[in-house]
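Below: target38.pdb (PDB, C-alpha atoms, pLDDT in the B column)
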ATOM      1  CA  MET O  15    -153.718  96.890  53.491  1.00 49.00           C
ATOM      2  CA  LYS O  16    -151.176  98.111  55.965  1.00 45.00           C
ATOM      3  CA  PRO O  17    -152.737 100.202  58.714  1.00 48.00           C
ATOM      4  CA  GLY O  18    -151.224 103.632  59.126  1.00 47.00           C
ATOM      5  CA  LEU O  19    -151.544 107.258  58.314  1.00 44.00           C
ATOM      6  CA  SER O  20    -150.746 108.787  54.940  1.00 45.00           C
ATOM      7  CA  VAL O  21    -150.225 112.453  54.333  1.00 44.00           C
ATOM      8  CA  PRO O  22    -152.902 113.840  51.979  1.00 45.00           C
ATOM      9  CA  LYS O  23    -151.618 114.665  48.509  1.00 44.00           C
ATOM     10  CA  GLY O  24    -152.441 118.305  48.941  1.00 42.00           C
ATOM     11  CA  LEU O  25    -149.972 118.539  51.785  1.00 39.00           C
ATOM     12  CA  SER O  26    -147.285 116.101  50.660  1.00 39.00           C
ATOM     13  CA  PHE O  27    -146.491 117.918  47.401  1.00 34.00           C
ATOM     14  CA  LEU O  28    -145.913 121.162  49.263  1.00 36.00           C
ATOM     15  CA  LEU O  29    -143.292 119.534  51.431  1.00 36.00           C
ATOM     16  CA  HIS O  30    -141.224 118.614  48.389  1.00 41.00           C
ATOM     17  CA  GLU O  31    -141.638 121.865  46.478  1.00 41.00           C
ATOM     18  CA  PRO O  32    -138.191 123.244  45.601  1.00 43.00           C
ATOM     19  CA  ALA O  33    -137.335 126.526  47.222  1.00 45.00           C
ATOM     20  CA  GLY O  34    -138.403 129.402  44.996  1.00 44.00           C
ATOM     21  CA  ALA O  35    -140.277 127.089  42.579  1.00 44.00           C
ATOM     22  CA  ALA O  36    -143.590 128.857  42.993  1.00 45.00           C
ATOM     23  CA  GLY O  37    -143.963 132.388  41.648  1.00 47.00           C
ATOM     24  CA  ASP O  38    -145.202 133.823  44.959  1.00 48.00           C
ATOM     25  CA  ALA O  39    -143.433 131.481  47.339  1.00 46.00           C
ATOM     26  CA  GLY O  40    -142.103 134.423  49.283  1.00 49.00           C
ATOM     27  CA  PRO O  41    -138.591 135.253  50.436  1.00 51.00           C
ATOM     28  CA  VAL O  42    -136.173 132.372  50.665  1.00 49.00           C
ATOM     29  CA  ASP O  43    -133.717 132.215  53.559  1.00 48.00           C
ATOM     30  CA  ALA O  44    -130.141 130.939  53.444  1.00 45.00           C
ATOM     31  CA  ALA O  45    -131.260 127.342  54.069  1.00 46.00           C
ATOM     32  CA  GLY O  46    -133.605 127.435  51.063  1.00 50.00           C
ATOM     33  CA  TRP O  47    -136.859 127.612  53.041  1.00 48.00           C
ATOM     34  CA  SER O  48    -139.596 129.906  51.769  1.00 52.00           C
ATOM     35  CA  ARG O  49    -142.348 131.155  54.041  1.00 52.00           C
ATOM     36  CA  ARG O  50    -144.910 129.111  52.160  1.00 54.00           C
ATOM     37  CA  ARG O  51    -142.826 125.958  52.426  1.00 52.00           C
ATOM     38  CA  LEU O  52    -142.200 126.482  56.134  1.00 45.00           C
ATOM     39  CA  GLY O  53    -145.901 127.125  56.645  1.00 47.00           C
ATOM     40  CA  SER O  54    -146.702 123.882  54.847  1.00 49.00           C
ATOM     41  CA  VAL O  55    -144.433 121.922  57.165  1.00 43.00           C
ATOM     42  CA  VAL O  56    -146.039 123.485  60.227  1.00 43.00           C
ATOM     43  CA  LEU O  57    -149.507 122.787  58.830  1.00 42.00           C
ATOM     44  CA  THR O  58    -148.634 119.172  58.105  1.00 46.00           C
ATOM     45  CA  ALA O  59    -147.171 118.687  61.580  1.00 45.00           C
ATOM     46  CA  GLY O  60    -150.345 120.088  63.112  1.00 45.00           C
ATOM     47  CA  PHE O  61    -152.470 117.820  60.922  1.00 43.00           C
ATOM     48  CA  LEU O  62    -150.529 114.731  61.957  1.00 43.00           C
ATOM     49  CA  ALA O  63    -150.655 115.644  65.636  1.00 40.00           C
ATOM     50  CA  GLY O  64    -154.386 116.256  65.407  1.00 42.00           C
ATOM     51  CA  CYS O  65    -154.918 112.776  63.966  1.00 40.00           C
ATOM     52  CA  GLY O  66    -153.067 111.134  66.847  1.00 38.00           C
ATOM     53  CA  PHE O  67    -149.915 110.421  64.871  1.00 38.00           C
ATOM     54  CA  LYS O  68    -146.883 110.138  67.124  1.00 41.00           C
ATOM     55  CA  LEU O  69    -143.298 109.547  66.157  1.00 41.00           C
ATOM     56  CA  ARG O  70    -141.728 106.566  67.839  1.00 47.00           C
ATOM     57  CA  GLY O  71    -139.344 107.572  70.557  1.00 51.00           C
ATOM     58  CA  ASN O  72    -137.466 105.837  73.324  1.00 69.00           C
ATOM     59  CA  GLN O  73    -139.803 104.121  75.760  1.00 81.00           C
ATOM     60  CA  VAL O  74    -139.491 104.699  79.493  1.00 88.00           C
ATOM     61  CA  PHE O  75    -139.764 101.537  81.576  1.00 92.00           C
ATOM     62  CA  ALA O  76    -140.505 101.072  85.276  1.00 90.00           C
ATOM     63  CA  PHE O  77    -138.118  98.108  85.474  1.00 93.00           C
ATOM     64  CA  LYS O  78    -134.372  97.713  85.082  1.00 94.00           C
ATOM     65  CA  ARG O  79    -133.965  93.961  84.547  1.00 95.00           C
ATOM     66  CA  ILE O  80    -136.095  91.659  82.393  1.00 96.00           C
ATOM     67  CA  ALA O  81    -135.896  88.007  81.389  1.00 95.00           C
ATOM     68  CA  ILE O  82    -137.324  87.179  77.960  1.00 95.00           C
ATOM     69  CA  MET O  83    -138.243  83.579  77.320  1.00 93.00           C
ATOM     70  CA  PRO O  84    -137.564  81.364  75.482  1.00 89.00           C
ATOM     71  CA  ASN O  85    -133.891  81.963  75.042  1.00 83.00           C
ATOM     72  CA  PRO O  86    -132.744  82.432  72.279  1.00 82.00           C
ATOM     73  CA  GLY O  87    -136.276  82.152  70.843  1.00 87.00           C
ATOM     74  CA  GLY O  88    -137.543  83.127  67.406  1.00 92.00           C
ATOM     75  CA  ALA O  89    -136.921  86.185  65.255  1.00 94.00           C
ATOM     76  CA  ILE O  90    -139.324  88.415  67.207  1.00 95.00           C
ATOM     77  CA  VAL O  91    -137.731  87.509  70.531  1.00 95.00           C
ATOM     78  CA  ARG O  92    -134.230  88.089  69.185  1.00 93.00           C
ATOM     79  CA  GLN O  93    -135.167  91.529  67.822  1.00 95.00           C
ATOM     80  CA  LEU O  94    -136.968  92.393  71.057  1.00 95.00           C
ATOM     81  CA  ARG O  95    -133.846  91.625  73.111  1.00 93.00           C
ATOM     82  CA  SER O  96    -131.854  94.189  71.157  1.00 92.00           C
ATOM     83  CA  SER O  97    -134.569  96.872  71.281  1.00 94.00           C
ATOM     84  CA  PHE O  98    -134.161  98.034  74.872  1.00 92.00           C
ATOM     85  CA  GLY O  99    -132.081 101.088  75.642  1.00 85.00           C
ATOM     86  CA  PRO O 100    -129.147 101.204  78.056  1.00 89.00           C
ATOM     87  CA  ASP O 101    -131.468 101.641  81.065  1.00 89.00           C
ATOM     88  CA  VAL O 102    -132.855  98.088  80.820  1.00 94.00           C
ATOM     89  CA  GLN O 103    -130.742  94.954  81.147  1.00 95.00           C
ATOM     90  CA  VAL O 104    -132.008  91.852  79.340  1.00 95.00           C
ATOM     91  CA  LEU O 105    -130.826  88.776  81.213  1.00 94.00           C
ATOM     92  CA  ALA O 106    -128.385  86.492  79.428  1.00 91.00           C
ATOM     93  CA  PRO O 107    -129.157  82.750  79.122  1.00 85.00           C
ATOM     94  CA  ASP O 108    -126.808  81.859  81.985  1.00 87.00           C
ATOM     95  CA  GLU O 109    -128.301  84.385  84.423  1.00 92.00           C
ATOM     96  CA  PRO O 110    -130.934  83.175  86.896  1.00 92.00           C
ATOM     97  CA  VAL O 111    -134.493  84.276  86.116  1.00 91.00           C
ATOM     98  CA  SER O 112    -134.952  85.029  89.817  1.00 91.00           C
ATOM     99  CA  SER O 113    -132.742  88.105  89.408  1.00 93.00           C
ATOM    100  CA  ALA O 114    -135.181  89.723  86.948  1.00 95.00           C
ATOM    101  CA  GLN O 115    -137.950  92.135  87.882  1.00 94.00           C
ATOM    102  CA  LEU O 116    -140.123  90.935  84.993  1.00 95.00           C
ATOM    103  CA  VAL O 117    -140.328  87.684  83.060  1.00 96.00           C
ATOM    104  CA  LEU O 118    -141.821  87.947  79.588  1.00 96.00           C
ATOM    105  CA  THR O 119    -142.679  84.711  77.803  1.00 95.00           C
ATOM    106  CA  VAL O 120    -143.230  85.023  74.052  1.00 95.00           C
ATOM    107  CA  SER O 121    -144.848  81.880  72.690  1.00 93.00           C
ATOM    108  CA  ASP O 122    -146.615  80.529  69.608  1.00 92.00           C
ATOM    109  CA  GLU O 123    -144.595  82.759  67.297  1.00 93.00           C
ATOM    110  CA  SER O 124    -145.835  81.999  63.793  1.00 94.00           C
ATOM    111  CA  ARG O 125    -145.882  83.412  60.282  1.00 94.00           C
ATOM    112  CA  ASP O 126    -148.319  82.243  57.631  1.00 95.00           C
ATOM    113  CA  LYS O 127    -149.058  82.885  53.965  1.00 95.00           C
ATOM    114  CA  VAL O 128    -152.718  82.326  53.075  1.00 95.00           C
ATOM    115  CA  VAL O 129    -154.289  82.440  49.609  1.00 94.00           C
ATOM    116  CA  VAL O 130    -157.135  84.976  49.588  1.00 92.00           C
ATOM    117  CA  GLY O 131    -157.612  85.527  45.852  1.00 92.00           C
ATOM    118  CA  VAL O 132    -157.467  83.477  42.649  1.00 89.00           C
ATOM    119  CA  ASN O 133    -158.341  84.212  39.023  1.00 90.00           C
ATOM    120  CA  GLY O 134    -160.708  82.286  36.773  1.00 87.00           C
ATOM    121  CA  SER O 135    -157.971  79.777  35.945  1.00 87.00           C
ATOM    122  CA  GLY O 136    -157.328  79.014  39.588  1.00 87.00           C
ATOM    123  CA  GLN O 137    -154.023  80.878  39.671  1.00 89.00           C
ATOM    124  CA  VAL O 138    -153.145  82.693  42.869  1.00 91.00           C
ATOM    125  CA  ARG O 139    -153.563  86.454  42.589  1.00 91.00           C
ATOM    126  CA  GLU O 140    -153.453  87.575  46.226  1.00 94.00           C
ATOM    127  CA  PHE O 141    -151.946  86.359  49.479  1.00 94.00           C
ATOM    128  CA  GLN O 142    -152.483  87.459  53.044  1.00 96.00           C
ATOM    129  CA  LEU O 143    -149.370  87.370  55.220  1.00 97.00           C
ATOM    130  CA  ARG O 144    -149.931  86.835  58.929  1.00 97.00           C
ATOM    131  CA  MET O 145    -147.640  86.980  61.923  1.00 96.00           C
ATOM    132  CA  ARG O 146    -148.678  86.390  65.505  1.00 95.00           C
ATOM    133  CA  VAL O 147    -147.300  85.837  68.998  1.00 96.00           C
ATOM    134  CA  ARG O 148    -148.709  85.257  72.476  1.00 96.00           C
ATOM    135  CA  LEU O 149    -147.409  87.132  75.519  1.00 96.00           C
ATOM    136  CA  HIS O 150    -147.337  86.146  79.170  1.00 96.00           C
ATOM    137  CA  LEU O 151    -145.906  88.595  81.725  1.00 96.00           C
ATOM    138  CA  THR O 152    -145.078  87.778  85.334  1.00 94.00           C
ATOM    139  CA  THR O 153    -142.717  88.779  88.095  1.00 92.00           C
ATOM    140  CA  ALA O 154    -139.755  86.533  88.868  1.00 91.00           C
ATOM    141  CA  GLN O 155    -141.857  85.112  91.726  1.00 90.00           C
ATOM    142  CA  GLY O 156    -144.561  84.008  89.283  1.00 88.00           C
ATOM    143  CA  MET O 157    -147.178  86.686  89.995  1.00 90.00           C
ATOM    144  CA  GLU O 158    -149.114  87.530  86.838  1.00 91.00           C
ATOM    145  CA  LEU O 159    -148.973  91.205  85.888  1.00 89.00           C
ATOM    146  CA  THR O 160    -151.243  91.136  82.831  1.00 86.00           C
ATOM    147  CA  GLU O 161    -153.615  88.709  81.196  1.00 85.00           C
ATOM    148  CA  ASP O 162    -152.212  86.611  78.379  1.00 91.00           C
ATOM    149  CA  ALA O 163    -152.401  88.536  75.132  1.00 94.00           C
ATOM    150  CA  GLU O 164    -152.072  87.801  71.441  1.00 96.00           C
ATOM    151  CA  ILE O 165    -150.626  90.228  68.916  1.00 96.00           C
ATOM    152  CA  LEU O 166    -151.523  89.716  65.269  1.00 96.00           C
ATOM    153  CA  GLN O 167    -150.256  91.552  62.211  1.00 96.00           C
ATOM    154  CA  GLN O 168    -151.413  90.937  58.647  1.00 96.00           C
ATOM    155  CA  ARG O 169    -150.676  92.332  55.216  1.00 96.00           C
ATOM    156  CA  ASP O 170    -152.291  91.711  51.820  1.00 96.00           C
ATOM    157  CA  ILE O 171    -150.081  91.334  48.770  1.00 94.00           C
ATOM    158  CA  SER O 172    -150.934  90.832  45.121  1.00 94.00           C
ATOM    159  CA  TYR O 173    -149.169  87.992  43.338  1.00 92.00           C
ATOM    160  CA  ASN O 174    -148.060  87.342  39.786  1.00 89.00           C
ATOM    161  CA  GLU O 175    -146.249  84.162  38.769  1.00 87.00           C
ATOM    162  CA  THR O 176    -144.269  86.014  36.121  1.00 89.00           C
ATOM    163  CA  ALA O 177    -142.676  88.121  38.878  1.00 91.00           C
ATOM    164  CA  ALA O 178    -142.340  85.374  41.463  1.00 91.00           C
ATOM    165  CA  LEU O 179    -138.830  86.324  42.632  1.00 93.00           C
ATOM    166  CA  ALA O 180    -139.748  89.986  43.081  1.00 94.00           C
ATOM    167  CA  LYS O 181    -142.893  89.015  44.981  1.00 94.00           C
ATOM    168  CA  GLU O 182    -140.935  86.698  47.293  1.00 94.00           C
ATOM    169  CA  ALA O 183    -138.585  89.585  48.095  1.00 95.00           C
ATOM    170  CA  GLU O 184    -141.576  91.850  48.739  1.00 96.00           C
ATOM    171  CA  MET O 185    -143.077  89.247  51.087  1.00 95.00           C
ATOM    172  CA  ALA O 186    -139.822  89.049  53.017  1.00 96.00           C
ATOM    173  CA  LEU O 187    -139.888  92.841  53.459  1.00 96.00           C
ATOM    174  CA  LEU O 188    -143.508  92.748  54.635  1.00 96.00           C
ATOM    175  CA  PHE O 189    -142.715  90.012  57.167  1.00 97.00           C
ATOM    176  CA  ARG O 190    -139.838  92.116  58.515  1.00 96.00           C
ATOM    177  CA  ASP O 191    -142.168  95.120  58.715  1.00 96.00           C
ATOM    178  CA  MET O 192    -144.753  93.102  60.650  1.00 96.00           C
ATOM    179  CA  GLN O 193    -142.045  91.792  62.955  1.00 97.00           C
ATOM    180  CA  SER O 194    -140.874  95.319  63.750  1.00 96.00           C
ATOM    181  CA  ASP O 195    -144.460  96.420  64.383  1.00 97.00           C
ATOM    182  CA  ILE O 196    -145.004  93.551  66.813  1.00 97.00           C
ATOM    183  CA  VAL O 197    -141.779  94.371  68.660  1.00 97.00           C
ATOM    184  CA  GLN O 198    -142.873  98.003  68.976  1.00 96.00           C
ATOM    185  CA  GLN O 199    -146.266  96.923  70.319  1.00 96.00           C
ATOM    186  CA  ILE O 200    -144.586  94.712  72.916  1.00 96.00           C
ATOM    187  CA  LEU O 201    -142.327  97.578  73.990  1.00 96.00           C
ATOM    188  CA  ARG O 202    -145.320  99.905  74.387  1.00 95.00           C
ATOM    189  CA  ARG O 203    -147.112  97.302  76.517  1.00 94.00           C
ATOM    190  CA  LEU O 204    -144.048  96.862  78.708  1.00 95.00           C
ATOM    191  CA  ALA O 205    -143.722 100.634  79.076  1.00 93.00           C
ATOM    192  CA  ALA O 206    -147.276 100.704  80.475  1.00 92.00           C
ATOM    193  CA  VAL O 207    -146.461  98.192  83.231  1.00 91.00           C
ATOM    194  CA  LYS O 208    -146.252  99.694  86.712  1.00 86.00           C
ATOM    195  CA  LEU O 209    -144.410  97.818  89.439  1.00 81.00           C
ATOM    196  CA  ALA O 210    -145.476  97.923  93.056  1.00 73.00           C
ATOM    197  CA  ALA O 211    -143.189 100.038  95.213  1.00 61.00           C
TER     198      ALA O 211
END

Output the file's structure as structure tokens, nothing else.
Amino acid sequence: MKPGLSVPKGLSFLLHEPAGAAGDAGPVDAAGWSRRRLGSVVLTAGFLAGCGFKLRGNQVFAFKRIAIMPNPGGAIVRQLRSSFGPDVQVLAPDEPVSSAQLVLTVSDESRDKVVVGVNGSGQVREFQLRMRVRLHLTTAQGMELTEDAEILQQRDISYNETAALAKEAEMALLFRDMQSDIVQQILRRLAAVKLAA
């Protein structure tokens, strides 16, 4: 199951209620928002904030130049390179690593598909998709800034041979989702790094 937060049904249906659909929805303004509907949005926002839900925004980094190894690297590394805003320069392959403030090495990038469920006939009924990387962060002078870390993402997916093509497409989407999650986790870890003055 994918970790995350879902909006309870009692709140989600209120968000999609058409303006003026309920008999006592209250006055509707020019934009089509009733008082009840607006109140539902505010309530939902408060609920999400209370549960620790936070929308992803631009990260703020303490560094301006970073080298990401290997270069070009795998799919996660390539997506990571394009995920920094204009305030951070990712060194190109021909630029010396010594000019970077941080050197991030992303290694052991892997994606696996493991059978976790079969039926009585031995046919596969469920897979677990896994994606993992290892991180090593240093300064350009080789000083370690954090301990080596591993990031792992996994998703379970049901399988049916009669819908093999559709399931393959679904797996590809789940792998892309896991890849994006890993990139976001790496960005959050980098945003937490403090450089000595």

task: For CA of Ile196 in chain O and CA of Val129 in chain O, quote the distance in Å rounded to one decimal.
output: 22.5 Å

field: Distance in Å - CA of Val138 in chain O versus CA of Ile90 in chain O
entry: 28.6 Å

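Selecting by distance to (-137.4, 90.1, 69.9) with a limit of 10 Å and using all atoms listed in the file, one obtains Ile82, Met83, Pro86, Gly87, Gly88, Ala89, Ile90, Val91, Arg92, Gln93, Leu94, Arg95, Ser96, Ser97, Phe98, Val120, Gln193, Ser194, Ile196, Val197, Gln198, Ile200 and Leu201 of chain O.
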
- request: Give me, please, the distance in Å between CA of Met145 in chain O and CA of Asn85 in chain O, quoted to one decimal.
  value: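 Taking CA of Met145 in chain O as the start and CA of Asn85 in chain O as the end point, the length is 19.7 Å.
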
field: For Gln168 in chain O: contacts at 8 Å, all atoms listed in the file, fewer than 3 positions along chain excluded, given as a ChimeraX atom specification
entry: /O:16,142-145,192

Nearest-residue call for Asp162 in chain O, choices O:Thr119, O:Ser135, O:Arg202, O:Phe189, using only C-alpha atoms: O:Thr119

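By only C-alpha atoms, and with residues fewer than 2 positions from Ser121 in chain O along its chain excluded, the set lying at most 7 Å from it is Thr119, Glu123, Val147, Arg148 and Leu149 of chain O.
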
task: Compute the distance from (-129.8, 97.6, 83.9) to each atom, counting all atoms listed in the file, keep the residues with any atom at most 6 Å away, and return them as number ranges by chain; use the coordinates of the file.
output: O: 78-79, 101-103

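Each of O:Ala206, O:Ala154, O:Leu166, O:Val117 was checked against Phe75 in chain O using all atoms listed in the file; the smallest atom-to-atom distance is that of O:Ala206.
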
query: Mind telling me what the PyMOL selection byres ((chain O and resi 76) around 9) catches here, as a list in words?
result: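 In the shown coordinates, the PyMOL selection byres ((chain O and resi 76) around 9) covers Val74, Phe75, Phe77, Lys78, Leu204, Ala205, Ala206, Val207, Lys208 and Leu209 of chain O.
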
task: Evaluate the PyMOL selection byres ((chain O and resi 172) around 8) on the structure here and hand back the selected residues as an NGL selection string.
output: :O and (139-141 or 170-171 or 173-174)

Pull C-alpha atoms from the residues just selected and write them as a short mmCIF file (atom, residue, chain, number, x, y, z; two decimals), in the coordinates of the input.
data_model
loop_
_atom_site.label_atom_id
_atom_site.label_comp_id
_atom_site.auth_asym_id
_atom_site.auth_seq_id
_atom_site.Cartn_x
_atom_site.Cartn_y
_atom_site.Cartn_z
CA ARG O 139 -153.56 86.45 42.59
CA GLU O 140 -153.45 87.58 46.23
CA PHE O 141 -151.95 86.36 49.48
CA ASP O 170 -152.29 91.71 51.82
CA ILE O 171 -150.08 91.33 48.77
CA TYR O 173 -149.17 87.99 43.34
CA ASN O 174 -148.06 87.34 39.79
#

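When all atoms listed in the file are used to compute distances to Arg190 in chain O, the closest of the residues O:Ser112, O:Pro100, O:Leu159, O:Arg169 turns out to be O:Arg169.
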
Please write C-alpha atoms of range 117-201 of chain O, from the structure given just now, as an mmCIF file, in the first residue's frame.
data_model
loop_
_atom_site.group_PDB
_atom_site.id
_atom_site.type_symbol
_atom_site.label_atom_id
_atom_site.label_comp_id
_atom_site.auth_asym_id
_atom_site.auth_seq_id
_atom_site.Cartn_x
_atom_site.Cartn_y
_atom_site.Cartn_z
ATOM 1 C CA VAL O 117 29.386 16.205 -3.494
ATOM 2 C CA LEU O 118 26.467 13.791 -3.447
ATOM 3 C CA THR O 119 27.126 10.226 -4.564
ATOM 4 C CA VAL O 120 24.026 8.190 -5.408
ATOM 5 C CA SER O 121 24.898 4.513 -5.684
ATOM 6 C CA ASP O 122 23.294 1.071 -5.839
ATOM 7 C CA GLU O 123 20.235 2.419 -7.630
ATOM 8 C CA SER O 124 17.966 -0.571 -8.181
ATOM 9 C CA ARG O 125 14.375 -1.477 -8.964
ATOM 10 C CA ASP O 126 12.939 -4.920 -8.319
ATOM 11 C CA LYS O 127 9.678 -6.787 -8.851
ATOM 12 C CA VAL O 128 9.112 -9.534 -6.275
ATOM 13 C CA VAL O 129 6.287 -12.086 -6.213
ATOM 14 C CA VAL O 130 4.448 -11.864 -2.881
ATOM 15 C CA GLY O 131 1.211 -13.693 -3.695
ATOM 16 C CA VAL O 132 0.094 -16.677 -5.777
ATOM 17 C CA ASN O 133 -3.205 -18.531 -6.145
ATOM 18 C CA GLY O 134 -3.844 -22.239 -5.681
ATOM 19 C CA SER O 135 -2.678 -22.943 -9.232
ATOM 20 C CA GLY O 136 0.636 -21.219 -8.672
ATOM 21 C CA GLN O 137 -0.275 -18.198 -10.780
ATOM 22 C CA VAL O 138 1.058 -14.843 -9.657
ATOM 23 C CA ARG O 139 -1.601 -12.667 -8.047
ATOM 24 C CA GLU O 140 0.461 -9.951 -6.354
ATOM 25 C CA PHE O 141 3.827 -8.288 -6.840
ATOM 26 C CA GLN O 142 5.804 -5.961 -4.631
ATOM 27 C CA LEU O 143 7.732 -3.264 -6.487
ATOM 28 C CA ARG O 144 10.868 -1.978 -4.794
ATOM 29 C CA MET O 145 13.215 0.877 -5.554
ATOM 30 C CA ARG O 146 16.257 1.811 -3.523
ATOM 31 C CA VAL O 147 19.371 3.980 -3.569
ATOM 32 C CA ARG O 148 22.303 4.674 -1.258
ATOM 33 C CA LEU O 149 23.507 8.208 -0.530
ATOM 34 C CA HIS O 150 26.932 9.488 0.440
ATOM 35 C CA LEU O 151 27.404 13.222 1.078
ATOM 36 C CA THR O 152 30.739 14.988 1.448
ATOM 37 C CA THR O 153 32.363 18.335 0.849
ATOM 38 C CA ALA O 154 34.597 18.763 -2.191
ATOM 39 C CA GLN O 155 37.549 18.204 0.171
ATOM 40 C CA GLY O 156 36.211 14.775 1.146
ATOM 41 C CA MET O 157 34.856 15.595 4.613
ATOM 42 C CA GLU O 158 31.774 13.507 5.367
ATOM 43 C CA LEU O 159 28.696 15.566 6.214
ATOM 44 C CA THR O 160 26.255 12.741 6.960
ATOM 45 C CA GLU O 161 26.406 9.013 7.482
ATOM 46 C CA ASP O 162 25.700 6.852 4.458
ATOM 47 C CA ALA O 163 21.972 6.357 4.081
ATOM 48 C CA GLU O 164 19.650 4.102 2.133
ATOM 49 C CA ILE O 165 16.262 5.173 0.819
ATOM 50 C CA LEU O 166 13.747 2.454 0.013
ATOM 51 C CA GLN O 167 10.319 2.755 -1.564
ATOM 52 C CA GLN O 168 7.917 -0.126 -2.156
ATOM 53 C CA ARG O 169 4.451 -0.594 -3.582
ATOM 54 C CA ASP O 170 2.150 -3.629 -3.723
ATOM 55 C CA ILE O 171 0.214 -4.329 -6.899
ATOM 56 C CA SER O 172 -2.305 -7.019 -7.742
ATOM 57 C CA TYR O 173 -1.721 -8.951 -10.948
ATOM 58 C CA ASN O 174 -3.938 -10.671 -13.477
ATOM 59 C CA GLU O 175 -2.548 -12.408 -16.555
ATOM 60 C CA THR O 176 -5.626 -11.511 -18.577
ATOM 61 C CA ALA O 177 -4.768 -7.819 -18.125
ATOM 62 C CA ALA O 178 -1.007 -8.148 -18.421
ATOM 63 C CA LEU O 179 -0.488 -5.070 -20.622
ATOM 64 C CA ALA O 180 -2.562 -2.839 -18.345
ATOM 65 C CA LYS O 181 -0.700 -4.138 -15.297
ATOM 66 C CA GLU O 182 2.685 -3.475 -16.924
ATOM 67 C CA ALA O 183 1.600 0.116 -17.577
ATOM 68 C CA GLU O 184 0.434 0.427 -13.966
ATOM 69 C CA MET O 185 3.797 -0.885 -12.737
ATOM 70 C CA ALA O 186 5.617 1.684 -14.846
ATOM 71 C CA LEU O 187 3.512 4.442 -13.251
ATOM 72 C CA LEU O 188 4.225 3.111 -9.756
ATOM 73 C CA PHE O 189 7.970 3.000 -10.458
ATOM 74 C CA ARG O 190 7.840 6.622 -11.635
ATOM 75 C CA ASP O 191 5.905 7.543 -8.489
ATOM 76 C CA MET O 192 8.503 5.847 -6.282
ATOM 77 C CA GLN O 193 11.288 7.576 -8.186
ATOM 78 C CA SER O 194 9.706 10.983 -7.605
ATOM 79 C CA ASP O 195 9.239 10.192 -3.914
ATOM 80 C CA ILE O 196 12.901 9.242 -3.565
ATOM 81 C CA VAL O 197 14.002 12.439 -5.312
ATOM 82 C CA GLN O 198 11.834 14.488 -2.948
ATOM 83 C CA GLN O 199 13.324 12.696 0.061
ATOM 84 C CA ILE O 200 16.840 13.434 -1.182
ATOM 85 C CA LEU O 201 15.970 17.106 -1.661
#
